[in-house]
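Source file: target.txt. Holds: compact mmCIF, C-alpha atoms.
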```
# COMPACT_ATOMS: atom_id res chain seq x y z
CA MET R 1 0.00 0.00 0.00
CA PRO R 2 1.41 3.43 -0.94
CA GLU R 3 2.68 5.53 1.96
CA PHE R 4 0.06 8.29 1.48
CA ALA R 5 -2.72 5.65 1.63
CA ILE R 6 -1.38 4.27 4.91
CA ARG R 7 -1.38 7.79 6.33
CA SER R 8 -4.99 8.29 5.16
CA VAL R 9 -6.19 5.06 6.80
CA CYS R 10 -4.44 5.91 10.08
CA ALA R 11 -5.98 9.39 10.03
CA ALA R 12 -9.45 7.95 9.44
CA ILE R 13 -9.06 5.50 12.33
CA LEU R 14 -7.88 8.30 14.67
CA LEU R 15 -10.78 10.57 13.65
CA SER R 16 -13.26 7.76 14.24
CA ALA R 17 -11.86 7.18 17.74
CA VAL R 18 -12.09 10.88 18.58
CA LEU R 19 -15.70 11.17 17.40
CA SER R 20 -16.86 7.92 19.00
CA PRO R 21 -19.59 8.50 21.60
CA HIS R 22 -17.98 5.82 23.75
CA SER R 23 -14.77 7.82 23.99
CA VAL R 24 -16.73 10.92 25.06
CA SER R 25 -18.70 9.09 27.73
CA ALA R 26 -15.51 7.53 29.10
CA ALA R 27 -14.10 10.94 30.07
CA ALA R 28 -13.75 11.28 33.86
CA PRO R 29 -16.23 13.73 35.41
CA GLU R 30 -14.89 16.84 37.08
CA PRO R 31 -14.65 16.33 40.87
CA TYR R 32 -17.26 18.23 42.86
CA ASP R 33 -15.89 21.35 44.55
CA PRO R 34 -18.12 22.54 47.42
CA TRP R 35 -16.08 25.69 48.11
CA PRO R 36 -18.04 28.15 45.89
CA GLY R 37 -21.26 27.13 47.63
CA LEU R 38 -19.62 27.44 51.05
CA VAL R 39 -18.45 30.95 50.22
CA GLN R 40 -22.08 31.80 49.48
CA ASP R 41 -23.54 30.07 52.54
CA ILE R 42 -20.94 31.00 55.18
CA PHE R 43 -19.59 34.31 53.89
CA ASP R 44 -22.55 35.68 51.89
CA SER R 45 -20.49 35.54 48.68
CA ARG R 46 -18.15 38.28 49.89
CA PRO R 47 -14.98 38.71 47.84
CA MET R 48 -11.77 37.22 49.24
CA ASP R 49 -8.15 38.24 48.83
CA ASP R 50 -5.12 35.98 49.00
CA GLY R 51 -4.32 35.74 52.71
CA SER R 52 -0.82 34.25 52.51
CA ASN R 53 0.74 37.53 53.66
CA LEU R 54 -1.45 37.56 56.79
CA ILE R 55 -2.01 34.00 57.94
CA ALA R 56 -0.53 30.51 57.63
CA LEU R 57 -2.60 27.31 57.85
CA GLU R 58 -0.57 24.28 58.92
CA MET R 59 -1.90 20.71 58.81
CA PRO R 60 -0.38 17.33 57.90
CA THR R 61 -0.77 16.35 54.25
CA ARG R 62 -1.73 12.84 55.34
CA ALA R 63 -3.24 12.49 58.81
CA GLU R 64 -2.22 9.64 61.11
CA ASP R 65 -5.65 9.65 62.80
CA ALA R 66 -8.60 11.28 61.03
CA ALA R 67 -10.37 11.86 64.37
CA ILE R 68 -7.59 14.03 65.83
CA VAL R 69 -5.92 15.97 63.02
CA PRO R 70 -3.74 18.82 64.30
CA VAL R 71 -4.26 22.28 62.84
CA THR R 72 -2.33 25.47 63.54
CA LEU R 73 -3.27 28.99 62.49
CA ARG R 74 -0.31 31.36 62.62
CA LEU R 75 -0.71 35.11 62.13
CA LYS R 76 2.07 36.97 60.38
CA PRO R 77 3.35 40.31 61.75
CA THR R 78 1.91 43.45 60.20
CA SER R 79 2.35 47.15 60.94
CA ASP R 80 -0.86 48.16 59.16
CA ALA R 81 -3.69 48.69 61.68
CA ARG R 82 -6.25 48.11 58.92
CA SER R 83 -4.97 44.57 58.41
CA ARG R 84 -5.30 43.51 62.05
CA VAL R 85 -7.07 40.13 62.08
CA VAL R 86 -10.26 40.14 64.15
CA THR R 87 -11.74 36.72 63.30
CA ILE R 88 -10.58 33.49 61.67
CA THR R 89 -13.05 30.95 60.28
CA LEU R 90 -11.84 27.38 59.73
CA VAL R 91 -13.73 25.48 57.01
CA ILE R 92 -13.26 21.77 56.25
CA ASP R 93 -14.89 21.61 52.83
CA GLN R 94 -15.94 17.94 52.66
CA ASN R 95 -17.09 17.53 56.27
CA PRO R 96 -20.84 17.09 56.95
CA ALA R 97 -20.81 20.43 58.81
CA PRO R 98 -17.99 22.27 57.00
CA MET R 99 -17.59 25.26 59.36
CA ALA R 100 -15.35 23.70 62.00
CA ALA R 101 -14.74 26.76 64.15
CA LYS R 102 -14.76 30.54 64.22
CA PHE R 103 -12.17 32.27 66.38
CA LYS R 104 -12.68 35.84 67.56
CA LEU R 105 -9.47 37.48 68.73
CA GLY R 106 -9.44 39.78 71.75
CA THR R 107 -8.74 43.38 70.73
CA ASP R 108 -5.80 43.86 73.11
CA ALA R 109 -4.59 40.26 73.43
CA ASN R 110 -2.38 40.23 70.30
CA VAL R 111 -3.09 36.55 69.66
CA SER R 112 -0.50 35.32 67.16
CA GLU R 113 -1.06 31.55 67.04
CA ILE R 114 -3.95 29.12 67.61
CA SER R 115 -3.77 25.32 67.53
CA THR R 116 -6.44 22.67 68.00
CA ARG R 117 -7.46 19.19 66.74
CA VAL R 118 -10.21 18.44 64.24
CA ARG R 119 -12.03 15.55 62.59
CA ILE R 120 -11.66 15.02 58.84
CA ASN R 121 -14.36 12.95 57.12
CA ASN R 122 -13.01 12.76 53.54
CA TYR R 123 -9.98 13.82 51.51
CA THR R 124 -10.56 17.56 51.44
CA ASN R 125 -9.43 21.11 50.99
CA VAL R 126 -9.32 23.05 54.24
CA HIS R 127 -9.71 26.84 54.20
CA ALA R 128 -8.87 29.47 56.79
CA VAL R 129 -10.57 32.83 56.21
CA ALA R 130 -9.32 35.81 58.17
CA GLU R 131 -11.40 38.96 58.49
CA THR R 132 -9.42 42.11 59.11
CA SER R 133 -10.41 45.28 60.94
CA ASP R 134 -11.20 46.99 57.63
CA GLY R 135 -13.88 44.36 56.91
CA ARG R 136 -11.99 42.52 54.17
CA LEU R 137 -11.70 38.73 53.92
CA HIS R 138 -8.39 36.93 53.26
CA MET R 139 -8.18 33.21 52.47
CA VAL R 140 -5.55 30.48 52.55
CA GLN R 141 -6.02 26.77 51.93
CA THR R 142 -4.35 23.38 52.22
CA TYR R 143 -5.24 19.80 51.28
CA VAL R 144 -5.50 16.95 53.78
CA LYS R 145 -5.72 13.22 53.06
CA ALA R 146 -7.85 11.64 55.80
CA SER R 147 -11.24 9.94 56.02
CA GLY R 148 -13.74 8.63 58.55
CA GLY R 149 -12.93 11.06 61.34
CA CYS R 150 -16.47 12.27 61.96
CA SER R 151 -17.85 8.76 62.43
CA ALA R 152 -14.87 7.25 64.29
CA PRO R 153 -15.84 5.67 67.64
CA ALA R 154 -15.15 7.72 70.77
CA ALA R 155 -11.82 7.04 72.45
CA LYS R 156 -13.49 6.87 75.88
CA ASN R 157 -16.57 4.92 76.91
CA ALA R 158 -19.78 6.79 77.68
CA GLU R 159 -19.49 6.50 81.48
CA GLU R 160 -15.90 7.73 81.50
CA ALA R 161 -16.80 10.63 79.23
CA LYS R 162 -19.78 11.54 81.42
CA GLY R 163 -17.59 11.54 84.52
CA ARG R 164 -15.15 14.00 82.91
CA LEU R 165 -17.80 16.25 81.39
CA GLY R 166 -16.79 19.88 81.71
CA GLN R 167 -13.54 19.30 83.58
CA MET R 168 -11.14 22.09 82.58
CA ARG R 169 -7.38 22.33 82.68
CA TYR R 170 -5.10 25.27 82.01
CA ARG R 171 -1.42 25.05 81.20
CA GLU R 172 1.29 27.61 80.50
CA PHE R 173 4.44 26.85 78.54
CA ALA R 174 7.86 28.29 79.23
CA GLY R 175 8.92 30.84 76.65
CA SER R 176 12.20 32.34 75.55
CA GLN R 177 13.74 35.29 77.40
CA ASN R 178 12.62 37.64 74.62
CA GLU R 179 9.05 36.36 74.90
CA GLU R 180 9.06 36.80 78.67
CA LYS R 181 10.33 40.38 78.34
CA SER R 182 7.62 41.23 75.79
CA GLY R 183 4.90 39.58 77.90
CA THR R 184 4.21 36.95 75.24
CA ARG R 185 2.72 33.78 76.72
CA GLU R 186 1.83 30.40 75.28
CA ALA R 187 -1.03 28.60 77.02
CA GLN R 188 -3.50 25.77 76.57
CA VAL R 189 -7.06 25.21 77.75
CA MET R 190 -8.50 21.68 77.69
CA ILE R 191 -12.11 20.60 78.30
CA GLY R 192 -13.24 17.09 79.11
CA HIS R 193 -16.12 16.50 76.70
CA PRO R 194 -17.09 13.73 74.21
CA ASN R 195 -17.92 16.28 71.51
CA ASN R 196 -20.18 13.72 69.83
CA SER R 197 -20.60 14.43 66.12
CA GLY R 198 -23.98 12.71 65.69
CA LEU R 199 -22.38 10.35 63.15
CA GLN R 200 -20.84 7.94 65.65
CA MET R 201 -22.48 4.62 66.43
CA ASP R 202 -22.88 3.07 69.88
CA GLN R 203 -20.98 -0.20 69.61
CA VAL R 204 -23.44 -1.94 71.97
CA THR R 205 -26.85 -0.70 70.80
CA GLN R 206 -25.79 -0.09 67.17
CA LEU R 207 -27.70 3.21 67.34
CA TYR R 208 -26.29 6.60 66.43
CA ILE R 209 -25.16 8.69 69.40
CA PRO R 210 -26.92 12.10 69.38
CA ALA R 211 -24.74 15.10 68.63
CA LEU R 212 -23.43 16.82 71.75
CA TYR R 213 -20.52 19.21 71.51
CA VAL R 214 -19.00 22.38 72.94
CA ASP R 215 -20.32 25.21 70.81
CA ARG R 216 -18.91 28.17 72.75
CA LEU R 217 -15.65 28.81 74.59
CA GLN R 218 -14.54 32.20 75.91
CA LEU R 219 -11.17 33.04 77.46
CA TRP R 220 -10.17 36.10 79.50
CA GLN R 221 -7.10 37.43 81.30
CA ASP R 222 -8.76 39.11 84.28
CA ASP R 223 -11.73 40.76 82.52
CA SER R 224 -10.01 41.40 79.18
CA PRO R 225 -11.05 39.04 76.34
CA VAL R 226 -8.28 36.92 74.87
CA LEU R 227 -10.12 34.54 72.52
CA SER R 228 -13.61 33.22 71.89
CA VAL R 229 -14.39 30.09 69.89
CA GLU R 230 -17.61 29.09 68.16
CA GLY R 231 -17.24 25.34 67.62
CA GLY R 232 -19.01 22.57 65.71
CA ILE R 233 -18.95 18.80 65.30
CA SER R 234 -15.57 18.88 63.57
CA ILE R 235 -13.69 19.72 66.78
CA SER R 236 -12.22 16.53 68.25
CA GLU R 237 -13.18 14.78 71.47
CA ASP R 238 -11.87 16.56 74.62
CA PRO R 239 -11.42 19.93 72.88
CA ASN R 240 -8.17 21.74 73.52
CA ILE R 241 -7.05 25.13 72.32
CA ARG R 242 -3.38 26.12 72.45
CA PHE R 243 -2.65 29.78 71.78
CA THR R 244 -0.06 32.52 72.03
CA TYR R 245 -1.03 35.96 73.38
CA VAL R 246 0.44 38.99 75.12
CA SER R 247 -0.16 39.32 78.85
CA ASN R 248 -1.60 42.56 80.22
CA GLY R 249 -0.27 41.78 83.68
CA ALA R 250 -3.45 39.98 84.75
CA LYS R 251 -3.38 37.90 87.91
CA THR R 252 -5.99 35.36 86.75
CA PHE R 253 -7.04 33.53 83.62
CA ARG R 254 -10.67 32.50 83.15
CA ALA R 255 -12.48 30.11 80.81
CA GLU R 256 -16.22 29.72 80.26
CA ALA R 257 -17.78 27.14 77.95
CA LYS R 258 -21.23 25.92 76.90
CA ASP R 259 -22.35 22.81 75.03
CA THR R 260 -25.36 22.12 72.82
CA ASP R 261 -27.31 20.58 75.72
CA GLY R 262 -27.03 23.82 77.67
CA HIS R 263 -24.39 22.62 80.14
CA GLN R 264 -22.18 25.51 81.25
CA PHE R 265 -18.64 25.16 82.54
CA ARG R 266 -16.43 27.76 84.19
CA HIS R 267 -12.99 27.76 85.76
CA GLU R 268 -10.44 30.33 86.87
CA TRP R 269 -6.72 29.92 87.47
CA LYS R 270 -3.93 32.05 88.84
CA VAL R 271 -1.59 33.10 86.07
CA ASN R 272 1.66 31.08 86.03
CA GLY R 273 -0.08 28.13 87.69
CA SER R 274 -0.17 25.00 85.56
CA GLY R 275 -3.72 24.04 86.49
CA MET R 276 -2.75 20.42 85.90
```
Spell out the structure here as structure tokens.
Amino acid sequence: MPEFAIRSVCAAILLSAVLSPHSVSAAAPEPYDPWPGLVQDIFDSRPMDDGSNLIALEMPTRAEDAAIVPVTLRLKPTSDARSRVVTITLVIDQNPAPMAAKFKLGTDANVSEISTRVRINNYTNVHAVAETSDGRLHMVQTYVKASGGCSAPAAKNAEEAKGRLGQMRYREFAGSQNEEKSGTREAQVMIGHPNNSGLQMDQVTQLYIPALYVDRLQLWQDDSPVLSVEGGISISEDPNIRFTYVSNGAKTFRAEAKDTDGHQFRHEWKVNGSGM
């Protein structure tokens, strides 16, 4: 067969393959991205700027345990008063209740870092959206490989969890000499609570355990607000918040919390005491 004829046959076969309806239907569908809808539902479709110059979102790429995935929000220094961060909203896109937590920063506390642990239900993008004092939104994101965290069985049995309900602990961490001179402190508040997601199953009755979680936590140094947290089902069992702030010379540190059943918890510690 002449060379030009061979080329013509090959071209006809290739064209037939391209136009085949089977080849079109075999194309992989685009993965569903819930983020545009979440921007509409959570943030009323407000525009967002790149937040990488204001905030860092740190999480493991692949989580060891989907029920207790560490997350750290670190604020970057800025000299512009208009770009002072006033709230940070943490969104886990593929979770059943995507808004994991909203952190409101005390005006005079100069909070620079917040860490906690969250549940991840599916491989997902995670977004942190910072609102600044000028009313603008700034977003950063990362991707986490984890699954099953929201339905994972509780680490403690129901009786043990009930016995520890609302127990609070406060801990301070030693800082560098420069941090001590500037009044910067690193502390942690822990609350004994099952933080049931509503997706976990009782291993005895095989019934779903009703959702019960801490939905409000407020922290003060004396009577000056340091941090308040609006939480959801994505916060892990026994919630703990570790944070860095600047002391105003207060003698006491106070925490107040509430869960979705209306239980209220309160504790106060002397500053520099471990509370452990």
### Query
What is the distance, in Å and to one decimal place, between CA of Ala100 in chain R and CA of Ser79 in chain R?
29.4 Å
### Query
Pick from R:Ser234, R:Thr244, R:Ser45, R:Thr72: nearest to Gln94 in chain R, with all atoms listed in the file counted?
R:Ser234
### Query
Hey, which of R:Leu38, R:Ala130, R:Leu137, R:Ile92 ends up closest to Leu75 in chain R? Count all atoms listed in the file.
R:Ala130
### Message
Please report the interatomic distance between CA of Gly192 in chain R and CA of Ala257 in chain R in Å with one decimal.
### Response
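Here the two named atoms are 11.1 Å from each other.
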### Message
Can you pull out the residues contacting Met190 in chain R? Cut-off 8 Å, using only C-alpha atoms, and skip same-chain residues under 3 positions away; I want them as a list in words.
### Response
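Returned residues: Met168, Arg169, Tyr170, Asp238, Pro239, Asn240 and Ile241 of chain R.
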Can you write just those residues out, C-alpha atoms, as an mmCIF file, in the frame of the given file?
```cif
data_model
loop_
_atom_site.group_PDB
_atom_site.id
_atom_site.type_symbol
_atom_site.label_atom_id
_atom_site.label_comp_id
_atom_site.auth_asym_id
_atom_site.auth_seq_id
_atom_site.Cartn_x
_atom_site.Cartn_y
_atom_site.Cartn_z
ATOM 1 C CA MET R 168 -11.140 22.090 82.580
ATOM 2 C CA ARG R 169 -7.380 22.330 82.680
ATOM 3 C CA TYR R 170 -5.100 25.270 82.010
ATOM 4 C CA ASP R 238 -11.870 16.560 74.620
ATOM 5 C CA PRO R 239 -11.420 19.930 72.880
ATOM 6 C CA ASN R 240 -8.170 21.740 73.520
ATOM 7 C CA ILE R 241 -7.050 25.130 72.320
#
```
Within 8 Å of Ala152 in chain R using only C-alpha atoms, minus same-chain residues under 3 positions, as a compact mmCIF listing (two decimals) with C-alpha atoms, in the frame of the given file:
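Output (result-v1.txt):
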```
# COMPACT_ATOMS: atom_id res chain seq x y z
CA ALA R 67 -10.37 11.86 64.37
CA GLY R 148 -13.74 8.63 58.55
CA GLY R 149 -12.93 11.06 61.34
CA GLN R 200 -20.84 7.94 65.65
```
Sel. within 12 Å of pt (-5.5, 36.9, 52.5), counting all atoms listed in the file, output as a compact mmCIF listing (two decimals) with C-alpha atoms, keeping the file's coordinate frame:
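Listing of out_11.txt after writing:
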```txt
# COMPACT_ATOMS: atom_id res chain seq x y z
CA PRO R 47 -14.98 38.71 47.84
CA MET R 48 -11.77 37.22 49.24
CA ASP R 49 -8.15 38.24 48.83
CA ASP R 50 -5.12 35.98 49.00
CA GLY R 51 -4.32 35.74 52.71
CA SER R 52 -0.82 34.25 52.51
CA ASN R 53 0.74 37.53 53.66
CA LEU R 54 -1.45 37.56 56.79
CA ILE R 55 -2.01 34.00 57.94
CA ALA R 56 -0.53 30.51 57.63
CA LEU R 57 -2.60 27.31 57.85
CA LEU R 75 -0.71 35.11 62.13
CA LYS R 76 2.07 36.97 60.38
CA SER R 83 -4.97 44.57 58.41
CA ARG R 84 -5.30 43.51 62.05
CA VAL R 85 -7.07 40.13 62.08
CA ILE R 88 -10.58 33.49 61.67
CA HIS R 127 -9.71 26.84 54.20
CA ALA R 128 -8.87 29.47 56.79
CA VAL R 129 -10.57 32.83 56.21
CA ALA R 130 -9.32 35.81 58.17
CA GLU R 131 -11.40 38.96 58.49
CA THR R 132 -9.42 42.11 59.11
CA ARG R 136 -11.99 42.52 54.17
CA LEU R 137 -11.70 38.73 53.92
CA HIS R 138 -8.39 36.93 53.26
CA MET R 139 -8.18 33.21 52.47
CA VAL R 140 -5.55 30.48 52.55
CA GLN R 141 -6.02 26.77 51.93
```
### Query
Which one of R:Ala109, R:Pro153, R:Asp93, R:Thr252 sits closest to Gly37 in chain R if you count all atoms listed in the file?
R:Asp93
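Atom to atom, CA of Pro210 in chain R and CA of Thr260 in chain R stand 10.7 Å apart.
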### Message
My list of candidates is R:Thr89, R:Ser147, R:Ser197, R:Gln264. Which is closest to Gly232 in chain R when distances are computed with all atoms listed in the file?
### Response
R:Ser197
